[in-house]
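First up is the structure itself, then whatever we jot down about it.
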Amino acid sequence: MSDNRQPTQRGIKRVWNAHKNYISPAHQNSLILEPGPGHFEEHDPFLLLAEDWFGRGSFDVHPHRGIETVTYVMEGRLEHYDNKSGDKDELLPGDAQWMTAGRGVIHKEDPGEGETVHSLQLWVNLPSEEKMTEPRYQNLRAANMPLREEPGAKIRVFSGSSGDVTAPTVNVVPVTMVEFQLEPGVTVKQELPGGYNGFFFVLEGEGRFGSEGVKGSQRQALMLAPGEDGRPSELTIAADTKLRVLLYAGQPLRE
């Protein structure tokens, strides 16, 4: 009889390249995870992941409803305004904002004067019974980010857990968001519930991922092979060069 407490080793289902798109002289973007027929089941609970390089005025005031947006600032200073609080805030490099739009938020994200922001924004679906929940913001500051450290490895935990480090981020839908920064030759393990869907996005360097050591390099995304629902699973991340990679994984809603 198999031991359901022992994690199964997760592989990689597919790999693809993220291409930059020209929007305007002040804005380039890359749709890493795109919505559309044929993708919903594989991406669930995620709707979209967009990478943007943009200057002031690229985005005007706009609404969100029925989803969560997770904005991670990698470069630049991003100012934020919304109609719920009426206050202005800003995100600096390494900061992230977890916004539960719920019943509706009108907001604006704008780089500081003279700044170019490089960011990643994930859209997380909300279950039907939570679509009209009260909006909420969680600002995840770089200085306070939970950190798992091992020899040659720094692992920042935005949401969920890695090893014995757990983030205090409150989720409607369970989501693990972790950034791995590994020195060449270092290998680490990451445990996930077997039912989670997920993917890696390589920010810098090259590495090998999953049970078969599938190669991934800068600006490539790697979709996880399915795990076994109700049983833990384990991912292997091995750095061939200095490696920086994000993992997004979450519990599918199946709706």
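In the structure tokens, chains take the letters A, B, ... in the order shown, each chain's residues start at 1, and ligands count up from 1 in the order shown.
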
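For A:Pro252, the residues within 12 Å (counting only C-alpha atoms, excluding itself and residues fewer than 2 positions away along the chain) are Phe40, Glu41, Glu42, His43, Asp44, Pro45, Phe46, Leu47, Val124, Asn125, Leu126, Pro127, Val172, Val173, Pro174, Val175, Pro193, Gly194, Gly195, Tyr196, Asn197, Gly198, Pro226, Asp229, Ala249, Gly250, Arg254 and Glu255 of chain A.
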
Next, the residues of the selection above should be written as a CSV table (one decimal), in the first residue's frame with N, CA, C and O atoms.
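The resulting file, again_6.csv, is shown below:
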```csv
chain,number,residue,atom,x,y,z
A,40,PHE,N,-7.9,27.4,-19.6
A,40,PHE,CA,-8.6,27.7,-18.3
A,40,PHE,C,-8.3,26.5,-17.3
A,40,PHE,O,-7.9,26.8,-16.2
A,41,GLU,N,-8.4,25.3,-17.7
A,41,GLU,CA,-8.3,24.2,-16.8
A,41,GLU,C,-6.8,24.1,-16.4
A,41,GLU,O,-6.5,23.8,-15.2
A,42,GLU,N,-5.9,24.3,-17.3
A,42,GLU,CA,-4.5,24.2,-17.0
A,42,GLU,C,-4.0,25.3,-16.1
A,42,GLU,O,-3.2,25.0,-15.2
A,43,HIS,N,-4.5,26.5,-16.2
A,43,HIS,CA,-4.1,27.7,-15.5
A,43,HIS,C,-4.8,27.8,-14.2
A,43,HIS,O,-4.3,28.5,-13.3
A,44,ASP,N,-6.0,27.3,-14.1
A,44,ASP,CA,-6.9,27.5,-12.9
A,44,ASP,C,-6.1,27.3,-11.6
A,44,ASP,O,-5.4,26.3,-11.4
A,45,PRO,N,-6.1,28.3,-10.6
A,45,PRO,CA,-7.1,29.4,-10.5
A,45,PRO,C,-6.5,30.7,-11.1
A,45,PRO,O,-7.1,31.8,-10.9
A,46,PHE,N,-5.5,30.7,-11.9
A,46,PHE,CA,-4.9,31.9,-12.5
A,46,PHE,C,-5.5,32.3,-13.8
A,46,PHE,O,-5.8,31.4,-14.6
A,47,LEU,N,-5.7,33.6,-14.0
A,47,LEU,CA,-6.3,34.1,-15.2
A,47,LEU,C,-5.3,34.7,-16.2
A,47,LEU,O,-5.4,34.6,-17.4
A,124,VAL,N,-5.7,36.4,-10.1
A,124,VAL,CA,-6.2,35.2,-9.5
A,124,VAL,C,-7.7,35.2,-9.5
A,124,VAL,O,-8.3,36.2,-9.0
A,125,ASN,N,-8.3,34.2,-10.0
A,125,ASN,CA,-9.8,34.1,-10.0
A,125,ASN,C,-10.3,34.0,-8.6
A,125,ASN,O,-9.6,33.5,-7.7
A,126,LEU,N,-11.5,34.5,-8.3
A,126,LEU,CA,-12.2,34.3,-7.0
A,126,LEU,C,-13.4,33.3,-7.3
A,126,LEU,O,-14.0,33.4,-8.3
A,127,PRO,N,-13.6,32.5,-6.3
A,127,PRO,CA,-14.8,31.6,-6.4
A,127,PRO,C,-16.1,32.4,-6.4
A,127,PRO,O,-16.2,33.5,-5.9
A,172,VAL,N,-7.9,34.3,-0.3
A,172,VAL,CA,-9.2,33.7,-0.5
A,172,VAL,C,-9.0,32.3,-1.2
A,172,VAL,O,-9.6,31.3,-0.7
A,173,VAL,N,-8.3,32.3,-2.2
A,173,VAL,CA,-7.9,31.0,-2.9
A,173,VAL,C,-6.5,30.7,-2.4
A,173,VAL,O,-5.6,31.5,-2.5
A,174,PRO,N,-6.2,29.5,-1.9
A,174,PRO,CA,-4.8,29.1,-1.5
A,174,PRO,C,-3.8,29.3,-2.6
A,174,PRO,O,-4.0,28.6,-3.7
A,175,VAL,N,-2.8,30.1,-2.4
A,175,VAL,CA,-1.8,30.4,-3.5
A,175,VAL,C,-0.4,30.3,-2.8
A,175,VAL,O,-0.2,30.9,-1.7
A,193,PRO,N,0.9,21.2,-2.2
A,193,PRO,CA,-0.2,20.2,-2.3
A,193,PRO,C,-0.3,19.6,-3.7
A,193,PRO,O,-0.2,20.3,-4.7
A,194,GLY,N,-0.6,18.3,-3.7
A,194,GLY,CA,-0.6,17.7,-5.0
A,194,GLY,C,-1.7,18.2,-6.0
A,194,GLY,O,-1.5,18.0,-7.2
A,195,GLY,N,-2.7,18.7,-5.4
A,195,GLY,CA,-3.8,19.2,-6.3
A,195,GLY,C,-3.6,20.6,-6.9
A,195,GLY,O,-4.4,21.0,-7.8
A,196,TYR,N,-2.5,21.3,-6.5
A,196,TYR,CA,-2.3,22.6,-7.0
A,196,TYR,C,-1.8,22.6,-8.5
A,196,TYR,O,-1.0,21.7,-8.9
A,197,ASN,N,-2.3,23.5,-9.3
A,197,ASN,CA,-1.7,23.8,-10.6
A,197,ASN,C,-0.6,24.9,-10.3
A,197,ASN,O,-0.7,25.6,-9.3
A,198,GLY,N,0.3,25.0,-11.2
A,198,GLY,CA,1.4,26.0,-11.1
A,198,GLY,C,2.4,26.0,-12.2
A,198,GLY,O,2.4,25.2,-13.1
A,226,PRO,N,0.6,17.6,-13.7
A,226,PRO,CA,-0.3,17.4,-12.6
A,226,PRO,C,0.2,16.6,-11.4
A,226,PRO,O,1.0,15.7,-11.7
A,229,ASP,N,-4.1,14.8,-6.3
A,229,ASP,CA,-4.9,15.5,-5.3
A,229,ASP,C,-5.0,14.8,-4.0
A,229,ASP,O,-5.2,13.5,-3.9
A,249,ALA,N,1.7,28.9,-7.7
A,249,ALA,CA,0.9,27.7,-7.7
A,249,ALA,C,-0.3,27.9,-6.8
A,249,ALA,O,-0.3,28.7,-5.9
A,250,GLY,N,-1.4,27.3,-7.2
A,250,GLY,CA,-2.6,27.5,-6.4
A,250,GLY,C,-3.7,26.4,-6.6
A,250,GLY,O,-3.6,25.6,-7.5
A,254,ARG,N,-12.1,25.1,-10.5
A,254,ARG,CA,-12.9,24.2,-11.3
A,254,ARG,C,-14.3,24.8,-11.5
A,254,ARG,O,-15.3,24.1,-11.4
A,255,GLU,N,-14.3,26.1,-11.8
A,255,GLU,CA,-15.6,26.7,-12.2
A,255,GLU,C,-15.3,27.9,-13.1
A,255,GLU,O,-14.2,28.4,-13.2
```

Residue list (helix (DSSP H, G or I), DSSP) for stretch 9-209 of chain A, as a VMD selection string: chain A and resid 40 to 43 128 to 130 142 to 144

Write a file of the selected residues as an mmCIF file, in the first residue's frame, keeping all heavy atoms.
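The new file part18.cif reads:
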```cif
data_model
loop_
_atom_site.group_PDB
_atom_site.id
_atom_site.type_symbol
_atom_site.label_atom_id
_atom_site.label_comp_id
_atom_site.auth_asym_id
_atom_site.auth_seq_id
_atom_site.Cartn_x
_atom_site.Cartn_y
_atom_site.Cartn_z
ATOM 1 N N PHE A 40 -7.949 27.442 -19.589
ATOM 2 C CA PHE A 40 -8.554 27.677 -18.275
ATOM 3 C C PHE A 40 -8.263 26.543 -17.292
ATOM 4 O O PHE A 40 -7.876 26.776 -16.152
ATOM 5 C CB PHE A 40 -10.067 27.866 -18.415
ATOM 6 C CG PHE A 40 -10.459 29.131 -19.128
ATOM 7 C CD1 PHE A 40 -11.271 29.090 -20.251
ATOM 8 C CD2 PHE A 40 -10.018 30.363 -18.671
ATOM 9 C CE1 PHE A 40 -11.623 30.252 -20.912
ATOM 10 C CE2 PHE A 40 -10.360 31.539 -19.327
ATOM 11 C CZ PHE A 40 -11.174 31.484 -20.458
ATOM 12 N N GLU A 41 -8.444 25.313 -17.730
ATOM 13 C CA GLU A 41 -8.262 24.186 -16.814
ATOM 14 C C GLU A 41 -6.809 24.057 -16.379
ATOM 15 O O GLU A 41 -6.515 23.795 -15.218
ATOM 16 C CB GLU A 41 -8.718 22.893 -17.499
ATOM 17 C CG GLU A 41 -8.670 21.674 -16.567
ATOM 18 C CD GLU A 41 -9.230 20.422 -17.219
ATOM 19 O OE1 GLU A 41 -10.034 20.553 -18.162
ATOM 20 O OE2 GLU A 41 -8.840 19.328 -16.789
ATOM 21 N N GLU A 42 -5.893 24.281 -17.300
ATOM 22 C CA GLU A 42 -4.469 24.162 -17.002
ATOM 23 C C GLU A 42 -3.988 25.274 -16.070
ATOM 24 O O GLU A 42 -3.167 25.046 -15.194
ATOM 25 C CB GLU A 42 -3.676 24.203 -18.312
ATOM 26 C CG GLU A 42 -2.177 24.039 -18.140
ATOM 27 C CD GLU A 42 -1.445 24.126 -19.473
ATOM 28 O OE1 GLU A 42 -1.558 25.164 -20.164
ATOM 29 O OE2 GLU A 42 -0.769 23.157 -19.824
ATOM 30 N N HIS A 43 -4.518 26.488 -16.250
ATOM 31 C CA HIS A 43 -4.069 27.651 -15.475
ATOM 32 C C HIS A 43 -4.805 27.823 -14.155
ATOM 33 O O HIS A 43 -4.291 28.498 -13.254
ATOM 34 C CB HIS A 43 -4.262 28.933 -16.287
ATOM 35 C CG HIS A 43 -3.424 29.000 -17.517
ATOM 36 N ND1 HIS A 43 -3.563 30.006 -18.450
ATOM 37 C CD2 HIS A 43 -2.441 28.188 -17.986
ATOM 38 C CE1 HIS A 43 -2.701 29.821 -19.431
ATOM 39 N NE2 HIS A 43 -2.015 28.718 -19.180
ATOM 40 N N SER A 128 -17.119 31.783 -7.035
ATOM 41 C CA SER A 128 -18.374 32.510 -7.255
ATOM 42 C C SER A 128 -18.940 33.106 -5.977
ATOM 43 O O SER A 128 -19.456 34.230 -5.981
ATOM 44 C CB SER A 128 -19.400 31.578 -7.913
ATOM 45 O OG SER A 128 -19.567 30.392 -7.153
ATOM 46 N N GLU A 129 -18.810 32.381 -4.860
ATOM 47 C CA GLU A 129 -19.387 32.897 -3.604
ATOM 48 C C GLU A 129 -18.578 34.034 -3.004
ATOM 49 O O GLU A 129 -19.019 34.691 -2.057
ATOM 50 C CB GLU A 129 -19.538 31.765 -2.583
ATOM 51 C CG GLU A 129 -18.243 31.180 -2.053
ATOM 52 C CD GLU A 129 -17.731 30.023 -2.882
ATOM 53 O OE1 GLU A 129 -18.206 29.859 -4.030
ATOM 54 O OE2 GLU A 129 -16.863 29.283 -2.374
ATOM 55 N N GLU A 130 -17.377 34.292 -3.555
ATOM 56 C CA GLU A 130 -16.524 35.371 -3.032
ATOM 57 C C GLU A 130 -16.370 36.529 -4.026
ATOM 58 O O GLU A 130 -15.629 37.473 -3.742
ATOM 59 C CB GLU A 130 -15.135 34.815 -2.692
ATOM 60 C CG GLU A 130 -15.119 33.761 -1.611
ATOM 61 C CD GLU A 130 -15.330 34.328 -0.218
ATOM 62 O OE1 GLU A 130 -15.338 35.572 -0.069
ATOM 63 O OE2 GLU A 130 -15.493 33.534 0.722
ATOM 64 N N ALA A 142 9.325 44.397 0.966
ATOM 65 C CA ALA A 142 10.559 43.621 0.825
ATOM 66 C C ALA A 142 11.272 43.463 2.154
ATOM 67 O O ALA A 142 11.806 42.393 2.461
ATOM 68 C CB ALA A 142 11.477 44.292 -0.200
ATOM 69 N N ALA A 143 11.285 44.530 2.951
ATOM 70 C CA ALA A 143 12.022 44.503 4.219
ATOM 71 C C ALA A 143 11.440 43.499 5.204
ATOM 72 O O ALA A 143 12.151 43.010 6.098
ATOM 73 C CB ALA A 143 12.028 45.899 4.839
ATOM 74 N N ASN A 144 10.149 43.190 5.054
ATOM 75 C CA ASN A 144 9.478 42.278 5.996
ATOM 76 C C ASN A 144 9.157 40.917 5.387
ATOM 77 O O ASN A 144 8.459 40.121 6.019
ATOM 78 C CB ASN A 144 8.172 42.918 6.484
ATOM 79 C CG ASN A 144 8.405 44.268 7.130
ATOM 80 O OD1 ASN A 144 9.383 44.454 7.842
ATOM 81 N ND2 ASN A 144 7.507 45.214 6.870
#
```

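Near stretch 155-170 of chain A, within a cut-off of 9 Å and counting only C-alpha atoms, sit the residues A:Ala96, A:Trp98, A:Gln138, A:Leu140, A:Ala142, A:Met145, A:Pro146, A:Leu147, A:Arg148, A:Glu149, A:Glu150, A:Ala153, A:Val172, A:Pro174, A:Val175, A:Thr176, A:Met177, A:Val178, A:Glu179, A:Phe180, A:Gln181, A:Leu182, A:Lys189, A:Gln190, A:Glu191, A:Leu192, with same-chain residues fewer than 2 positions away left out.
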
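With only C-alpha atoms as the basis for measurement, A:Thr241 is the residue among A:Ser233, A:Thr100, A:Asn29, A:Thr241 that approaches A:Gly216 most closely.
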
Surrounding residues of A:Arg103 excluding itself and chain neighbours under 2 positions, 7 Å, only C-alpha atoms, as an NGL selection string: :A and (65-66 or 101 or 131-135)

Would you mind exporting all heavy atoms of the selected residues as a PDB file, in the first residue's frame?
```pdb
ATOM      1  N   ARG A  65     -12.890  43.748 -10.795  1.00  0.00           N
ATOM      2  CA  ARG A  65     -13.941  43.161  -9.959  1.00  0.00           C
ATOM      3  C   ARG A  65     -13.872  41.640 -10.071  1.00  0.00           C
ATOM      4  O   ARG A  65     -13.576  41.100 -11.145  1.00  0.00           O
ATOM      5  CB  ARG A  65     -15.332  43.643 -10.395  1.00  0.00           C
ATOM      6  CG  ARG A  65     -16.387  43.428  -9.302  1.00  0.00           C
ATOM      7  CD  ARG A  65     -17.780  43.796  -9.767  1.00  0.00           C
ATOM      8  NE  ARG A  65     -18.428  42.646 -10.408  1.00  0.00           N
ATOM      9  CZ  ARG A  65     -19.719  42.618 -10.732  1.00  0.00           C
ATOM     10  NH1 ARG A  65     -20.488  43.678 -10.501  1.00  0.00           N
ATOM     11  NH2 ARG A  65     -20.245  41.557 -11.285  1.00  0.00           N
ATOM     12  N   GLY A  66     -14.137  40.962  -8.961  1.00  0.00           N
ATOM     13  CA  GLY A  66     -14.276  39.509  -8.977  1.00  0.00           C
ATOM     14  C   GLY A  66     -12.985  38.732  -9.061  1.00  0.00           C
ATOM     15  O   GLY A  66     -13.013  37.517  -9.275  1.00  0.00           O
ATOM     16  N   ALA A 101      -9.959  42.518  -5.293  1.00  0.00           N
ATOM     17  CA  ALA A 101     -10.892  43.504  -5.854  1.00  0.00           C
ATOM     18  C   ALA A 101     -12.318  43.247  -5.385  1.00  0.00           C
ATOM     19  O   ALA A 101     -13.083  44.181  -5.154  1.00  0.00           O
ATOM     20  CB  ALA A 101     -10.815  43.476  -7.377  1.00  0.00           C
ATOM     21  N   LYS A 131     -17.056  36.467  -5.151  1.00  0.00           N
ATOM     22  CA  LYS A 131     -16.891  37.491  -6.177  1.00  0.00           C
ATOM     23  C   LYS A 131     -17.231  38.893  -5.658  1.00  0.00           C
ATOM     24  O   LYS A 131     -16.629  39.874  -6.080  1.00  0.00           O
ATOM     25  CB  LYS A 131     -17.781  37.182  -7.392  1.00  0.00           C
ATOM     26  CG  LYS A 131     -17.352  35.994  -8.222  1.00  0.00           C
ATOM     27  CD  LYS A 131     -16.147  36.300  -9.070  1.00  0.00           C
ATOM     28  CE  LYS A 131     -15.849  35.152 -10.027  1.00  0.00           C
ATOM     29  NZ  LYS A 131     -14.583  35.382 -10.768  1.00  0.00           N
ATOM     30  N   MET A 132     -18.192  38.971  -4.752  1.00  0.00           N
ATOM     31  CA  MET A 132     -18.651  40.282  -4.276  1.00  0.00           C
ATOM     32  C   MET A 132     -18.169  40.572  -2.854  1.00  0.00           C
ATOM     33  O   MET A 132     -18.776  41.356  -2.130  1.00  0.00           O
ATOM     34  CB  MET A 132     -20.180  40.338  -4.355  1.00  0.00           C
ATOM     35  CG  MET A 132     -20.722  40.211  -5.775  1.00  0.00           C
ATOM     36  SD  MET A 132     -20.205  41.574  -6.848  1.00  0.00           S
ATOM     37  CE  MET A 132     -21.344  42.839  -6.273  1.00  0.00           C
ATOM     38  N   THR A 133     -17.055  39.963  -2.480  1.00  0.00           N
ATOM     39  CA  THR A 133     -16.507  40.207  -1.155  1.00  0.00           C
ATOM     40  C   THR A 133     -15.987  41.644  -1.037  1.00  0.00           C
ATOM     41  O   THR A 133     -15.748  42.324  -2.043  1.00  0.00           O
ATOM     42  CB  THR A 133     -15.375  39.201  -0.850  1.00  0.00           C
ATOM     43  OG1 THR A 133     -15.053  39.242   0.518  1.00  0.00           O
ATOM     44  CG2 THR A 133     -14.121  39.511  -1.665  1.00  0.00           C
ATOM     45  N   GLU A 134     -15.808  42.114   0.183  1.00  0.00           N
ATOM     46  CA  GLU A 134     -15.300  43.464   0.430  1.00  0.00           C
ATOM     47  C   GLU A 134     -13.862  43.571  -0.068  1.00  0.00           C
ATOM     48  O   GLU A 134     -13.023  42.703   0.197  1.00  0.00           O
ATOM     49  CB  GLU A 134     -15.343  43.764   1.936  1.00  0.00           C
ATOM     50  CG  GLU A 134     -14.935  45.165   2.323  1.00  0.00           C
ATOM     51  CD  GLU A 134     -15.912  46.241   1.859  1.00  0.00           C
ATOM     52  OE1 GLU A 134     -17.085  45.915   1.593  1.00  0.00           O
ATOM     53  OE2 GLU A 134     -15.488  47.408   1.773  1.00  0.00           O
ATOM     54  N   PRO A 135     -13.531  44.630  -0.824  1.00  0.00           N
ATOM     55  CA  PRO A 135     -12.154  44.801  -1.305  1.00  0.00           C
ATOM     56  C   PRO A 135     -11.161  44.904  -0.146  1.00  0.00           C
ATOM     57  O   PRO A 135     -11.495  45.374   0.938  1.00  0.00           O
ATOM     58  CB  PRO A 135     -12.213  46.106  -2.099  1.00  0.00           C
ATOM     59  CG  PRO A 135     -13.645  46.225  -2.521  1.00  0.00           C
ATOM     60  CD  PRO A 135     -14.440  45.659  -1.383  1.00  0.00           C
TER      61      PRO A 135
END
```

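Of the listed residues A:Gln218, A:Phe54, A:Gly210, A:Val186, the one whose atoms come nearest to A:Asp240 is A:Val186, with distances taken using only C-alpha atoms.
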
Residue nearest A:His64 - candidates A:Arg10, A:His39, A:His107, A:Lys84, atoms counted: only C-alpha atoms: A:His107

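Excluding A:Lys242 and any residue on its chain fewer than 5 positions from it, the residues at most 9 Å away by only C-alpha atoms are Gln181, Leu182, Glu183, Pro184, Gly185, Glu204, Gly205, Glu206 and Gly207 of chain A.
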
So that I have them on file, write out the residues from the current selection with N, CA, C and O atoms, as a PDB file, in the first residue's frame.
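As written to disk, selection-v4.pdb reads:
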```pdb
ATOM      1  N   GLN A 181      16.370  32.444  -5.216  1.00  0.00           N
ATOM      2  CA  GLN A 181      17.629  33.018  -5.678  1.00  0.00           C
ATOM      3  C   GLN A 181      18.726  32.041  -5.272  1.00  0.00           C
ATOM      4  O   GLN A 181      19.031  31.901  -4.091  1.00  0.00           O
ATOM      5  N   LEU A 182      19.298  31.349  -6.281  1.00  0.00           N
ATOM      6  CA  LEU A 182      20.215  30.255  -6.033  1.00  0.00           C
ATOM      7  C   LEU A 182      21.574  30.525  -6.674  1.00  0.00           C
ATOM      8  O   LEU A 182      21.652  31.044  -7.793  1.00  0.00           O
ATOM      9  N   GLU A 183      22.635  30.136  -5.971  1.00  0.00           N
ATOM     10  CA  GLU A 183      23.980  30.192  -6.524  1.00  0.00           C
ATOM     11  C   GLU A 183      24.191  28.975  -7.437  1.00  0.00           C
ATOM     12  O   GLU A 183      23.510  27.951  -7.298  1.00  0.00           O
ATOM     13  N   PRO A 184      25.141  29.076  -8.386  1.00  0.00           N
ATOM     14  CA  PRO A 184      25.388  27.952  -9.296  1.00  0.00           C
ATOM     15  C   PRO A 184      25.686  26.658  -8.537  1.00  0.00           C
ATOM     16  O   PRO A 184      26.422  26.657  -7.547  1.00  0.00           O
ATOM     17  N   GLY A 185      25.074  25.564  -8.994  1.00  0.00           N
ATOM     18  CA  GLY A 185      25.308  24.256  -8.403  1.00  0.00           C
ATOM     19  C   GLY A 185      24.421  23.920  -7.224  1.00  0.00           C
ATOM     20  O   GLY A 185      24.463  22.798  -6.719  1.00  0.00           O
ATOM     21  N   GLU A 204      16.167  35.248 -14.136  1.00  0.00           N
ATOM     22  CA  GLU A 204      17.587  35.357 -14.494  1.00  0.00           C
ATOM     23  C   GLU A 204      18.220  33.974 -14.446  1.00  0.00           C
ATOM     24  O   GLU A 204      17.875  33.155 -13.590  1.00  0.00           O
ATOM     25  N   GLY A 205      19.179  33.743 -15.370  1.00  0.00           N
ATOM     26  CA  GLY A 205      20.000  32.548 -15.301  1.00  0.00           C
ATOM     27  C   GLY A 205      19.369  31.318 -15.930  1.00  0.00           C
ATOM     28  O   GLY A 205      18.389  31.391 -16.680  1.00  0.00           O
ATOM     29  N   GLU A 206      19.956  30.161 -15.605  1.00  0.00           N
ATOM     30  CA  GLU A 206      19.505  28.883 -16.148  1.00  0.00           C
ATOM     31  C   GLU A 206      19.467  27.839 -15.039  1.00  0.00           C
ATOM     32  O   GLU A 206      20.270  27.881 -14.107  1.00  0.00           O
ATOM     33  N   GLY A 207      18.526  26.915 -15.168  1.00  0.00           N
ATOM     34  CA  GLY A 207      18.425  25.857 -14.181  1.00  0.00           C
ATOM     35  C   GLY A 207      17.699  24.659 -14.743  1.00  0.00           C
ATOM     36  O   GLY A 207      17.306  24.627 -15.918  1.00  0.00           O
TER      37      GLY A 207
END
```

Two-atom distance - atom CA of A:Val15, atom CA of A:Met223 (Å): 6.4 Å

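Proximity to A:Asn171 was assessed for A:Val73, A:Val61, A:Met99, A:Leu247 counting only C-alpha atoms; the smallest distance is recorded for A:Met99.
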
Distance query A:Pro93 at most 12 Å, only C-alpha atoms, self and fewer than 6 positions along chain excluded, as a ChimeraX atom specification: /A:71-79,111,115-120,140-143

Residue nearest A:Ser217 among A:Glu68, A:Trp16, A:Glu109, A:Gly104 (counting only C-alpha atoms): A:Trp16

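Compared by their closest atoms to A:Glu212, and using only C-alpha atoms, the residues A:Asp89, A:Phe199, A:Pro232, A:Ile237 rank with A:Ile237 nearest.
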